[in-house]
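Peer 1: One structure coming up, written as structure tokens, with questions to follow.
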Amino acid sequence: MSGFLNLFDFKQKINYKSEILAGLTVAMTMMPESLSFAILGGFPPLVGLYAAFIMGLVTAIAGGRPGMVSGGAGATVVVLIALMQSHGIDYVFAAIVLAGLMQVTVGIFKLGKFIRLVPQPVMYGFVNGLAVIIFTSQLQQFKTGAEHAWMSGNALYVMLGLVALTIAIVVVLPRITKAVPASLVAIIVVFLLVLGFGIDTRTVKDIASVSGGFPPFHLPAVPFNLDTLAVVFPYALIMAGVGLTESLLTLNLVDEITGTKGNSNRECIAQGSANMLNGFFSGMGGCAMIAQTFVNLSAGARARLSGIIAAMTILLVILFGAPVIERVPMAALVGVMMMVSIGTFEWSSFRIINKMPRPDVIVGILVALITIWLHNLALAVLIGVILSALVFAWESAKRIRARKYVDDQGVKHYEIYGPLFFGSVAAFSEKFDVKDDPEVVIIDFKESRVADMSGIEALNRLTTRYKEAGKTLHLRHLSEDSRLLLQNAAAVIDVNVMEDPHYRVATDGIKS
């Protein structure tokens, strides 16, 4: 029984008021965004709301991070647009099921830990680029008609005034009281103001109807053969990668904000399970939604209850509350999301930019620009990680050096400092004077290590050069993993030239 309770974190101390109010606020901001993404992908509007409900509920209950919110996210929808246009919605549902299966597999094999390989500059670029996307996406609500022309005249002034009022409430109310989420108060105040004075402005209904029934079970009507797999597999693979990248990066950000640690592998399994259910219950799939997550955290939520409340609220709205929610002014939701984008932006990155190495600054800016330009979060992060790895390899390659001396017996010593790997083998080889060295040479790796096959091959060539010159070469103090690499490469390395004498450590021989 205790294991079951621990699974759902029911033992965690919960502030019920904060959790319930935060959940309501999240639901209010998630619904119009999910509807917009569904329309963007060419799906029926309710497919977006079903995704918000299923993703939100499953990940809130079984995910690896209390306080994190998932739903029908634009990052994954964008991946599926081409498949929707070419093969229809049933193929989309099949791709979503397959993507979910891939994500569950990642979690089962505990591969979620590799998100730790994302460097801090990449995180800064990712977050800042995402903040800009959240802000600029709200500007679409200032366009009307089939031509998507910008608002003008009274319609524009009313929209701007209501957005400004929403932002003012979100900024000022926390200075007066934090008993209720400022975002929820702002939405309610603007809603009542528009309703009471009959103000003509854009509402949720202008995006799409949110009325419907419970998510219907629907087995994707596609042929179960290799041809279908060939069609959906690329989309599923990209969706799974994009969804996990955004979800695990969001998990890391929440870890930093809350000072606690989430479970990345459990989150992978929850995300995958939710996507599989989406494919069978007419949802468009999704992943973690960083904007709604920040709304949730800023409203004081720290447990799973807020996510459950948000998901159940969306379901109740679909079933019963559509007439009310459809009258909520879009201006209120735009104002809330704009404040979320401002809170999402890592303003501290500007304060430390002069203290960061120049390559890190360039990587962070590049990741932000790719995120903004392509709206492809996974690609931006991947490019950032690759560039950071190349920069690290270049800097590490420059650090290898050798201290040289000849002892009383006429033996020349080379004490190596820094890693020996593909980037440093050229500099390593240049440090040896095979022709003029004495008959016996010792290379000491006490402060170094052989990291890869390029390092092994460099030692092989060096050993061959000394052997052809009729001289003896000894390798000392190789680390255990370096010795293993060299021993496994016995066909190209004479392992007999290795030496690793035993040195008694400080505690040897000391009686307790």
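Convention: chains lettered A, B, ... in structure tokens order; per-chain residue numbering from 1; ligands numbered from 1 as shown.
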I'd like to know which residues of stretch 202-266 of chain A are helix (DSSP H, G or I) (by DSSP, run on the backbone); could you write them as a VMD selection string?
Peer 2: chain A and resid 204 to 206 226 to 258 264 to 266
Peer 1: Save out the residues we just selected, C-alpha atoms, as an mmCIF file, in the first residue's frame.
Peer 2:
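The resulting part-v4.cif:
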data_model
loop_
_atom_site.group_PDB
_atom_site.id
_atom_site.type_symbol
_atom_site.label_atom_id
_atom_site.label_comp_id
_atom_site.auth_asym_id
_atom_site.auth_seq_id
_atom_site.Cartn_x
_atom_site.Cartn_y
_atom_site.Cartn_z
ATOM 1 C CA VAL A 204 -12.372 31.951 -27.244
ATOM 2 C CA LYS A 205 -15.399 31.124 -29.420
ATOM 3 C CA ASP A 206 -13.817 33.084 -32.266
ATOM 4 C CA LEU A 226 5.309 -2.490 -43.566
ATOM 5 C CA ASP A 227 4.127 0.157 -46.039
ATOM 6 C CA THR A 228 2.212 1.921 -43.275
ATOM 7 C CA LEU A 229 5.198 1.623 -40.962
ATOM 8 C CA ALA A 230 7.441 3.182 -43.632
ATOM 9 C CA VAL A 231 5.042 6.145 -43.839
ATOM 10 C CA VAL A 232 4.519 6.837 -40.134
ATOM 11 C CA PHE A 233 7.908 5.832 -38.696
ATOM 12 C CA PRO A 234 9.855 9.009 -39.638
ATOM 13 C CA TYR A 235 7.122 11.250 -38.217
ATOM 14 C CA ALA A 236 6.838 9.137 -35.070
ATOM 15 C CA LEU A 237 10.590 9.190 -34.526
ATOM 16 C CA ILE A 238 10.821 12.971 -34.872
ATOM 17 C CA MET A 239 7.748 13.516 -32.697
ATOM 18 C CA ALA A 240 9.141 11.237 -29.987
ATOM 19 C CA GLY A 241 12.477 13.048 -30.046
ATOM 20 C CA VAL A 242 10.974 16.529 -30.045
ATOM 21 C CA GLY A 243 8.499 15.644 -27.298
ATOM 22 C CA LEU A 244 11.092 14.100 -24.998
ATOM 23 C CA THR A 245 13.590 16.897 -25.595
ATOM 24 C CA GLU A 246 11.103 19.597 -24.673
ATOM 25 C CA SER A 247 9.688 17.584 -21.764
ATOM 26 C CA LEU A 248 13.040 16.714 -20.200
ATOM 27 C CA LEU A 249 14.373 20.243 -20.647
ATOM 28 C CA THR A 250 11.225 21.519 -18.938
ATOM 29 C CA LEU A 251 11.783 18.964 -16.168
ATOM 30 C CA ASN A 252 15.315 20.282 -15.649
ATOM 31 C CA LEU A 253 14.065 23.865 -15.477
ATOM 32 C CA VAL A 254 11.435 22.957 -12.882
ATOM 33 C CA ASP A 255 14.143 21.156 -10.890
ATOM 34 C CA GLU A 256 16.150 24.394 -10.801
ATOM 35 C CA ILE A 257 13.143 26.526 -9.838
ATOM 36 C CA THR A 258 11.882 24.247 -7.066
ATOM 37 C CA SER A 264 13.508 11.749 -16.173
ATOM 38 C CA ASN A 265 12.955 8.066 -16.994
ATOM 39 C CA ARG A 266 9.578 8.008 -15.265
#
Peer 1: Determine, for each residue of stretch 333-391 of chain A having at least one atom at most 9 Å from an atom of stretch 279-301 of chain A, the closest pair of atoms and their separation in Å to one decimal, counting only C-alpha atoms; order by chain and ascending number, as a Markdown table.
Peer 2:
| residue | atom | partner | partner_atom | distance |
| --- | --- | --- | --- | --- |
| A:Val336 | CA | A:Val295 | CA | 8.5 |
| A:Met337 | CA | A:Ala291 | CA | 7.4 |
| A:Val340 | CA | A:Ala291 | CA | 6.3 |
| A:Ser341 | CA | A:Ala291 | CA | 7.1 |
| A:Gly343 | CA | A:Phe294 | CA | 7.9 |
| A:Thr344 | CA | A:Phe294 | CA | 7.2 |
Peer 1: Those same residues - N, CA and C atoms - I'd like them written as a PDB file, in the first residue's frame.
Peer 2:
ATOM      1  N   VAL A 336      -1.949  37.241 -20.028  1.00  0.00           N
ATOM      2  CA  VAL A 336      -1.338  36.252 -19.131  1.00  0.00           C
ATOM      3  C   VAL A 336      -0.143  35.594 -19.797  1.00  0.00           C
ATOM      4  N   MET A 337      -0.290  35.173 -21.042  1.00  0.00           N
ATOM      5  CA  MET A 337       0.794  34.487 -21.736  1.00  0.00           C
ATOM      6  C   MET A 337       1.972  35.422 -22.006  1.00  0.00           C
ATOM      7  N   VAL A 340       3.852  35.454 -18.917  1.00  0.00           N
ATOM      8  CA  VAL A 340       4.565  34.186 -18.790  1.00  0.00           C
ATOM      9  C   VAL A 340       5.856  34.228 -19.600  1.00  0.00           C
ATOM     10  N   SER A 341       5.785  34.769 -20.807  1.00  0.00           N
ATOM     11  CA  SER A 341       6.990  34.839 -21.643  1.00  0.00           C
ATOM     12  C   SER A 341       8.055  35.713 -21.004  1.00  0.00           C
ATOM     13  N   GLY A 343       8.408  36.188 -17.786  1.00  0.00           N
ATOM     14  CA  GLY A 343       8.953  35.427 -16.663  1.00  0.00           C
ATOM     15  C   GLY A 343       9.804  34.252 -17.102  1.00  0.00           C
ATOM     16  N   THR A 344       9.534  33.737 -18.301  1.00  0.00           N
ATOM     17  CA  THR A 344      10.309  32.600 -18.811  1.00  0.00           C
ATOM     18  C   THR A 344      11.713  33.021 -19.227  1.00  0.00           C
TER      19      THR A 344
END
Peer 1: Within 8 Å of A:Gly423, counting only C-alpha atoms, which residues qualify if same-chain residues fewer than 3 places away don't, as a compact mmCIF listing (two decimals) with N, CA and C atoms, in the first residue's frame?
Peer 2:
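Once everything was written out, this is around-v2.txt:
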# COMPACT_ATOMS: atom_id res chain seq x y z
N ALA A 393 35.97 19.92 -27.16
CA ALA A 393 37.05 19.10 -27.72
C ALA A 393 38.23 19.98 -28.13
N TRP A 394 37.93 21.12 -28.75
CA TRP A 394 39.00 22.03 -29.18
C TRP A 394 39.78 22.57 -27.99
N SER A 396 39.99 21.26 -24.97
CA SER A 396 40.71 20.17 -24.31
C SER A 396 41.96 19.78 -25.10
N ALA A 397 41.86 19.86 -26.44
CA ALA A 397 43.01 19.50 -27.27
C ALA A 397 44.19 20.43 -27.02
N LEU A 420 44.41 12.46 -23.75
CA LEU A 420 44.88 12.07 -25.08
C LEU A 420 43.68 11.51 -25.84
N ALA A 426 47.73 15.11 -32.36
CA ALA A 426 48.76 15.80 -33.16
C ALA A 426 49.72 16.54 -32.25
Peer 1: For the interface of stretch 57-100 of chain A with stretch 27-43 of chain A (cut-off 7 Å, counting only C-alpha atoms), please tabulate each contacting residue of stretch 57-100 of chain A alongside its nearest pair of atoms and their separation in Å to one decimal, rows sorted by chain and increasing number, as a tab-separated table.
Peer 2:
residue	atom	partner	partner_atom	distance
A:Gly72	CA	A:Ser34	CA	5.5
A:Ala73	CA	A:Ser34	CA	6.9
A:Gly74	CA	A:Phe37	CA	5.6
A:Val77	CA	A:Gly41	CA	6.1
A:Val78	CA	A:Gly41	CA	6.7
A:Ile81	CA	A:Gly41	CA	5.0
Peer 1: Between stretch 331-413 of chain A and stretch 125-141 of chain A, at 10 Å or less, what are the per-residue closest atom pairs and their distances in Å? Count only C-alpha atoms, order by chain and rising residue number, and return it as CSV.
Peer 2:
residue,atom,partner,partner_atom,distance
A:Ala331,CA,A:Gln141,CA,8.1
A:Leu333,CA,A:Gln138,CA,8.9
A:Val334,CA,A:Gln138,CA,5.7
A:Gly335,CA,A:Gln138,CA,8.5
A:Val336,CA,A:Gln138,CA,9.9
A:Met337,CA,A:Phe135,CA,7.1
A:Met338,CA,A:Phe135,CA,5.3
A:Met339,CA,A:Phe135,CA,8.4
A:Val340,CA,A:Ala131,CA,8.0
A:Ser341,CA,A:Ala131,CA,4.6
A:Ile342,CA,A:Ala131,CA,6.8
A:Gly343,CA,A:Ala131,CA,8.2
A:Thr344,CA,A:Ala131,CA,5.6
A:Phe345,CA,A:Asn128,CA,4.9
A:Glu346,CA,A:Asn128,CA,6.1
A:Trp347,CA,A:Asn128,CA,8.5
A:Ser349,CA,A:Asn128,CA,9.1
A:Val361,CA,A:Gly125,CA,9.1
A:Ile362,CA,A:Gly125,CA,9.6
A:Val363,CA,A:Gly125,CA,7.6
A:Gly364,CA,A:Gly125,CA,4.3
A:Ile365,CA,A:Gly125,CA,5.8
A:Leu366,CA,A:Gly125,CA,7.2
A:Val367,CA,A:Gly125,CA,4.9
A:Ala368,CA,A:Gly129,CA,4.1
A:Leu369,CA,A:Gly129,CA,6.5
A:Ile370,CA,A:Gly129,CA,7.9
A:Thr371,CA,A:Gly129,CA,5.3
A:Ile372,CA,A:Gly129,CA,5.4
A:Trp373,CA,A:Gly129,CA,9.0
A:His375,CA,A:Ile133,CA,7.6
A:Asn376,CA,A:Leu130,CA,9.9
A:Leu377,CA,A:Phe126,CA,7.2
A:Ala378,CA,A:Phe126,CA,9.4
A:Ala380,CA,A:Phe126,CA,7.4
A:Val381,CA,A:Phe126,CA,6.8
A:Gly384,CA,A:Gly125,CA,8.6
Peer 1: Got time to write the residues from that selection, N, CA and C atoms, as a compact mmCIF listing (two decimals), in the first residue's frame?
Peer 2:
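Heads up, here's the output in part-v6.txt:
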# COMPACT_ATOMS: atom_id res chain seq x y z
N ALA A 331 -8.12 38.61 -25.04
CA ALA A 331 -7.18 39.62 -24.53
C ALA A 331 -6.65 39.23 -23.16
N LEU A 333 -6.28 36.18 -21.96
CA LEU A 333 -5.35 35.06 -22.11
C LEU A 333 -4.05 35.53 -22.75
N VAL A 334 -4.14 36.47 -23.68
CA VAL A 334 -2.94 37.02 -24.31
C VAL A 334 -2.08 37.73 -23.28
N GLY A 335 -2.72 38.52 -22.42
CA GLY A 335 -1.97 39.25 -21.39
C GLY A 335 -1.26 38.30 -20.43
N VAL A 336 -1.95 37.24 -20.03
CA VAL A 336 -1.34 36.25 -19.13
C VAL A 336 -0.14 35.59 -19.80
N MET A 337 -0.29 35.17 -21.04
CA MET A 337 0.79 34.49 -21.74
C MET A 337 1.97 35.42 -22.01
N MET A 338 1.71 36.69 -22.24
CA MET A 338 2.81 37.65 -22.42
C MET A 338 3.62 37.78 -21.13
N MET A 339 2.94 37.80 -20.00
CA MET A 339 3.66 37.87 -18.73
C MET A 339 4.42 36.57 -18.46
N VAL A 340 3.85 35.45 -18.92
CA VAL A 340 4.56 34.19 -18.79
C VAL A 340 5.86 34.23 -19.60
N SER A 341 5.78 34.77 -20.81
CA SER A 341 6.99 34.84 -21.64
C SER A 341 8.06 35.71 -21.00
N ILE A 342 7.64 36.81 -20.38
CA ILE A 342 8.60 37.68 -19.70
C ILE A 342 9.22 36.95 -18.52
N GLY A 343 8.41 36.19 -17.79
CA GLY A 343 8.95 35.43 -16.66
C GLY A 343 9.80 34.25 -17.10
N THR A 344 9.53 33.74 -18.30
CA THR A 344 10.31 32.60 -18.81
C THR A 344 11.71 33.02 -19.23
N PHE A 345 11.84 34.22 -19.76
CA PHE A 345 13.13 34.69 -20.28
C PHE A 345 14.18 34.71 -19.17
N GLU A 346 15.37 34.19 -19.47
CA GLU A 346 16.47 34.17 -18.50
C GLU A 346 17.20 35.52 -18.53
N TRP A 347 16.65 36.49 -17.82
CA TRP A 347 17.26 37.82 -17.81
C TRP A 347 18.64 37.80 -17.18
N SER A 349 20.91 35.89 -17.87
CA SER A 349 21.94 35.60 -18.88
C SER A 349 22.59 36.88 -19.39
N VAL A 361 28.78 32.08 -25.23
CA VAL A 361 27.85 33.16 -25.60
C VAL A 361 27.33 32.94 -27.02
N ILE A 362 28.24 32.59 -27.94
CA ILE A 362 27.85 32.36 -29.33
C ILE A 362 26.88 31.20 -29.43
N VAL A 363 27.16 30.10 -28.71
CA VAL A 363 26.28 28.93 -28.73
C VAL A 363 24.89 29.29 -28.21
N GLY A 364 24.83 30.02 -27.09
CA GLY A 364 23.54 30.41 -26.52
C GLY A 364 22.72 31.26 -27.47
N ILE A 365 23.38 32.24 -28.12
CA ILE A 365 22.67 33.11 -29.07
C ILE A 365 22.20 32.31 -30.28
N LEU A 366 23.05 31.42 -30.77
CA LEU A 366 22.69 30.62 -31.94
C LEU A 366 21.50 29.72 -31.65
N VAL A 367 21.49 29.07 -30.49
CA VAL A 367 20.37 28.21 -30.12
C VAL A 367 19.08 29.02 -30.04
N ALA A 368 19.15 30.21 -29.45
CA ALA A 368 17.97 31.06 -29.36
C ALA A 368 17.46 31.45 -30.75
N LEU A 369 18.38 31.81 -31.65
CA LEU A 369 17.97 32.22 -33.00
C LEU A 369 17.35 31.07 -33.78
N ILE A 370 17.92 29.86 -33.65
CA ILE A 370 17.36 28.70 -34.35
C ILE A 370 15.97 28.37 -33.79
N THR A 371 15.83 28.46 -32.47
CA THR A 371 14.53 28.21 -31.85
C THR A 371 13.48 29.17 -32.38
N ILE A 372 13.86 30.45 -32.47
CA ILE A 372 12.91 31.48 -32.94
C ILE A 372 12.61 31.33 -34.42
N TRP A 373 13.66 31.06 -35.19
CA TRP A 373 13.52 31.03 -36.66
C TRP A 373 12.77 29.80 -37.14
N HIS A 375 11.31 27.35 -35.07
CA HIS A 375 10.32 26.82 -34.12
C HIS A 375 10.55 25.33 -33.89
N ASN A 376 11.80 24.89 -34.05
CA ASN A 376 12.15 23.47 -33.87
C ASN A 376 13.07 23.37 -32.66
N LEU A 377 12.47 23.08 -31.50
CA LEU A 377 13.24 23.10 -30.26
C LEU A 377 14.27 21.98 -30.22
N ALA A 378 13.89 20.80 -30.71
CA ALA A 378 14.81 19.67 -30.68
C ALA A 378 16.04 19.93 -31.55
N ALA A 380 17.27 22.84 -32.45
CA ALA A 380 18.08 23.90 -31.84
C ALA A 380 18.95 23.34 -30.73
N VAL A 381 18.36 22.50 -29.88
CA VAL A 381 19.13 21.91 -28.78
C VAL A 381 20.21 20.98 -29.31
N GLY A 384 23.04 22.97 -30.64
CA GLY A 384 23.76 23.57 -29.52
C GLY A 384 24.66 22.58 -28.81
Peer 1: Nearest residue to A:Val194 out of A:Val171, A:Leu305, A:Leu111, A:Leu162, using only C-alpha atoms?
Peer 2: A:Leu162
Peer 1: In Å, with one decimal, what is the gap from atom CA of A:Lys110 to atom CA of A:Ala274?
Peer 2: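 Going from atom CA of A:Lys110 over to atom CA of A:Ala274 covers 18.0 Å.
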Peer 1: Can you pull out the residues contacting A:Gly321? Cut-off 9 Å, using only C-alpha atoms, and skip same-chain residues under 5 positions away; I want them as a PyMOL selection string.
Peer 2: chain A and resi 210-211+314+316+326
